[in-house]
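A short write-up of the structure that comes next.
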Amino acid sequence: MRIATWNVNSITARLPRLLDWLGAAEPDVLCLQELKCSDAAFPYDAIGELGYGAATYCAGRWNGVAILSRAGLGDVTRGLADEPEFVDEGALFGARERRAIGATCNGVRVWSLYAPNGRAPGHPHFRYKLEWLAALQHTVTAENGDQPLALLGDFNVAPTDDDVYDIADFADSTHVTEPERQALAALRSSGLTDIVPRALKGDRPYTYWDYRQLAFAKDNGMRIDLILGNPAFTEAVQDAYVDRNARKDSPAGPPSDHAPVVVDLAFPS
DNA sequence: ATGTCAGACAACGTCTGA
């Protein structure tokens with residue numbers, strides 16, 4: 001069974017590349033993030049023609065997540081238990097953003113996740129990010145048992161200094177702070193393992209390269225797209241890799257700033 | 001030099017978020 005995760009940075013802008021990638025990589029399940037479309041605008045037909053069902057949780061301009069599957073799609077859960085809302089300074093109301101969707105595919109419990117960015121340490125969005133990751137831990141702790149389970153997606157946190165190209169460039173930056181890494185550590189301590197993929201090129205399995213400053217050409221990347229598996233999931237892992245080829249320029253259109261992460265599994269029958 | 005990209009708005013440029 002092949003499961004993957006990919007922050008596509010707009011499913012509308014990425015559709016030709018997404019369809020190409022589905023045909024080439026043939027994942028059984030694909031978790032998508034940053035769809036940037038409404039549920040109504042989701043390309044169910046084009047994806048369905050390739051044999052995939054889709055469960056979506058998206059609304060408009062920002063965020064948006066989905067799970068594509070050709071291995072069944074049951075028990076769909078949209079949002080986290082007690083998920084926080086982002087309340088900006090001066091705002092009267094918060095808004096529930098669409099950042100988490102869970103489903104069960106052929107006996108594997110899968111979550112597609114897009115953690116808040118945080119914007120800057122000390123920003124209200126940073127506090128929201130930590131609260132959101134705590135809500136994720138509570139949700140998954142309640143679900144975690146003997147059934148294979150994995151959290152896949154863009155966590156917007158680099159687990160260690162080795163997961164960024166140069167930690168010296170990240171002073172006063174989000175994604176590398178102690179509280180963010182503690183939130184990931186809390187997820188691991190609740191029984192999940194960070195399944196570190198292999199890089200197809202270079203030493204570090206980066207999953208994100210900024211569009212600016214020739215970051216991809218210089219391999220100035222970050223590993224922020226993660227797969228966290230419980231024991232029943234992790235024991236079945238045969239291989240995991242980052243498909244950095246999907247970050248390259250292509251005739252099918254411009255790339256996302258993230259590459260897909262793929263995991264191959266063999267579950268005992 | 002936040003040097004690129006995407007979407008929304010009401011426009012054909014400017015803003016926001018990443």
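If you're wondering about the labels, chains in the structure tokens are A, B, ... by order shown, residues count from 1 in each chain, ligands from 1 in order shown.
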
For DA8 (chain B), work out the shell of residues within 12 Å, counting only C-alpha atoms (C1' of nucleotides) and skipping chain neighbours fewer than 3 positions away, then give it as a list in words.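 My reading of the contact set: Lys36, Cys37, Gly60, Arg61 and Trp62 of chain A; DA11, DT14, DC15 and DT16 of chain B.
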
Distance cut-off 9 Å, counting only C-alpha atoms (C1' of nucleotides) - which residues of chain A neighbour chain B? Return them as a count of residues only. 16

Would you give me, as a ChimeraX atom specification, the residues in region 113-257 of chain A that DSSP reads as helix (DSSP H, G or I)? /A:124-143,161-163,167-170,178-189,231-234,244-247

Generate the output file for the selected residues, C-alpha atoms, as a JSON list (two decimals), in the first residue's frame.
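In the end it all went to out-v7.json:
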```json
[["chain", "number", "residue", "atom", "x", "y", "z"],
["A", 124, "PRO", "CA", -1.37, 35.72, 17.81],
["A", 125, "HIS", "CA", -1.08, 33.25, 14.92],
["A", 126, "PHE", "CA", 1.88, 31.61, 16.67],
["A", 127, "ARG", "CA", -0.17, 31.03, 19.83],
["A", 128, "TYR", "CA", -2.94, 29.65, 17.63],
["A", 129, "LYS", "CA", -0.44, 27.29, 15.96],
["A", 130, "LEU", "CA", 0.57, 25.82, 19.33],
["A", 131, "GLU", "CA", -3.06, 25.48, 20.42],
["A", 132, "TRP", "CA", -3.90, 23.81, 17.12],
["A", 133, "LEU", "CA", -1.07, 21.27, 17.51],
["A", 134, "ALA", "CA", -2.28, 20.56, 21.07],
["A", 135, "ALA", "CA", -5.81, 19.95, 19.75],
["A", 136, "LEU", "CA", -4.32, 17.60, 17.16],
["A", 137, "GLN", "CA", -2.61, 15.62, 19.91],
["A", 138, "HIS", "CA", -5.85, 15.31, 21.88],
["A", 139, "THR", "CA", -7.76, 14.19, 18.80],
["A", 140, "VAL", "CA", -5.23, 11.58, 17.78],
["A", 141, "THR", "CA", -4.65, 10.28, 21.31],
["A", 142, "ALA", "CA", -8.35, 9.51, 21.51],
["A", 143, "GLU", "CA", -8.15, 7.55, 18.23],
["A", 161, "ASP", "CA", 18.24, 21.80, 13.18],
["A", 162, "ASP", "CA", 19.30, 19.26, 10.55],
["A", 163, "ASP", "CA", 15.88, 19.63, 8.97],
["A", 167, "ILE", "CA", 19.85, 27.05, 11.21],
["A", 168, "ALA", "CA", 21.75, 30.35, 11.35],
["A", 169, "ASP", "CA", 19.24, 31.75, 8.85],
["A", 170, "PHE", "CA", 16.35, 31.02, 11.22],
["A", 178, "GLU", "CA", 11.42, 25.16, 21.09],
["A", 179, "PRO", "CA", 7.65, 25.38, 21.74],
["A", 180, "GLU", "CA", 6.90, 24.24, 18.18],
["A", 181, "ARG", "CA", 9.33, 21.33, 18.48],
["A", 182, "GLN", "CA", 7.87, 20.45, 21.89],
["A", 183, "ALA", "CA", 4.45, 20.21, 20.26],
["A", 184, "LEU", "CA", 5.89, 17.67, 17.81],
["A", 185, "ALA", "CA", 7.66, 15.87, 20.67],
["A", 186, "ALA", "CA", 4.33, 15.64, 22.48],
["A", 187, "LEU", "CA", 2.85, 13.92, 19.42],
["A", 188, "ARG", "CA", 5.75, 11.47, 19.35],
["A", 189, "SER", "CA", 5.40, 10.82, 23.08],
["A", 231, "PRO", "CA", 3.34, 1.28, 15.91],
["A", 232, "ALA", "CA", 0.98, -0.74, 13.67],
["A", 233, "PHE", "CA", 1.67, 1.72, 10.85],
["A", 234, "THR", "CA", 5.39, 2.17, 11.43],
["A", 244, "ARG", "CA", 11.81, 16.15, -5.29],
["A", 245, "ASN", "CA", 11.24, 15.74, -9.04],
["A", 246, "ALA", "CA", 7.74, 17.10, -8.45],
["A", 247, "ARG", "CA", 9.31, 20.38, -7.27]]
```

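The residue that comes closest to Ile67 (chain A), out of A:Ala40, A:Ala103, A:Phe86, A:Gly51 and on the basis of only C-alpha atoms, is A:Ala103.
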
Env of Gln147 (chain A): 12 Å cut, atoms = only C-alpha atoms (C1' of nucleotides), seq-sep filter 5 positions within chain, self excluded. Answer as a VMD selection string. chain A and resid 104 to 110 229 to 236 267

DSSP-assigned strand (DSSP E or B) members of region 13-191 of chain A, reported as a PyMOL selection string: chain A and resi 29-33+53-57+65-69+74-78+86+95+100-105+108-114+149-154+164

Considering only C-alpha atoms (C1' of nucleotides), return as an MDAnalysis selection string whatever protein or nucleic-acid residues lie within 7 Å of Arg198 (chain A), sequence-local ones (same chain, fewer than 2 positions apart) excluded. chainID A and resid 196 200 205 240:242

Please indicate the distance in Å from CA of Phe42 (chain A) to CA of Leu226 (chain A), rounded to one decimal place. 24.2 Å

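Residues with any atom within 7 Å of Ile101 (chain A), counting only C-alpha atoms (C1' of nucleotides) and excluding same-chain neighbours fewer than 4 positions away, are Tyr57, Val65, Ala66, Thr77, Arg78, Gly79, Trp111, Ser112 and Leu113 of chain A.
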
Limited to N, CA and C atoms, could you put the picked residues into a file as a PDB file, in the first residue's frame?
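Okay, again22.pdb is ready:
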```pdb
ATOM      1  N   TYR A  57     -12.291  19.051   2.611  1.00  0.00           N
ATOM      2  CA  TYR A  57     -12.666  20.010   3.660  1.00  0.00           C
ATOM      3  C   TYR A  57     -11.944  21.300   3.317  1.00  0.00           C
ATOM      4  N   VAL A  65      -8.006  21.056   2.861  1.00  0.00           N
ATOM      5  CA  VAL A  65      -7.337  19.758   2.873  1.00  0.00           C
ATOM      6  C   VAL A  65      -8.256  18.713   2.249  1.00  0.00           C
ATOM      7  N   ALA A  66      -7.661  17.606   1.807  1.00  0.00           N
ATOM      8  CA  ALA A  66      -8.453  16.531   1.216  1.00  0.00           C
ATOM      9  C   ALA A  66      -7.698  15.223   1.363  1.00  0.00           C
ATOM     10  N   THR A  77     -13.823  12.377   9.044  1.00  0.00           N
ATOM     11  CA  THR A  77     -13.931  13.364  10.126  1.00  0.00           C
ATOM     12  C   THR A  77     -13.372  14.684   9.626  1.00  0.00           C
ATOM     13  N   ARG A  78     -14.167  15.734   9.734  1.00  0.00           N
ATOM     14  CA  ARG A  78     -13.713  17.058   9.295  1.00  0.00           C
ATOM     15  C   ARG A  78     -13.442  17.938  10.515  1.00  0.00           C
ATOM     16  N   GLY A  79     -12.209  18.386  10.657  1.00  0.00           N
ATOM     17  CA  GLY A  79     -11.821  19.218  11.795  1.00  0.00           C
ATOM     18  C   GLY A  79     -11.375  18.369  12.971  1.00  0.00           C
ATOM     19  N   TRP A 111      -4.862  10.922   8.525  1.00  0.00           N
ATOM     20  CA  TRP A 111      -5.234  12.334   8.673  1.00  0.00           C
ATOM     21  C   TRP A 111      -4.404  13.171   7.719  1.00  0.00           C
ATOM     22  N   SER A 112      -5.067  14.063   6.993  1.00  0.00           N
ATOM     23  CA  SER A 112      -4.394  15.056   6.150  1.00  0.00           C
ATOM     24  C   SER A 112      -4.435  16.393   6.883  1.00  0.00           C
ATOM     25  N   LEU A 113      -3.260  16.967   7.153  1.00  0.00           N
ATOM     26  CA  LEU A 113      -3.143  18.073   8.102  1.00  0.00           C
ATOM     27  C   LEU A 113      -2.364  19.239   7.521  1.00  0.00           C
TER      28      LEU A 113
END
```
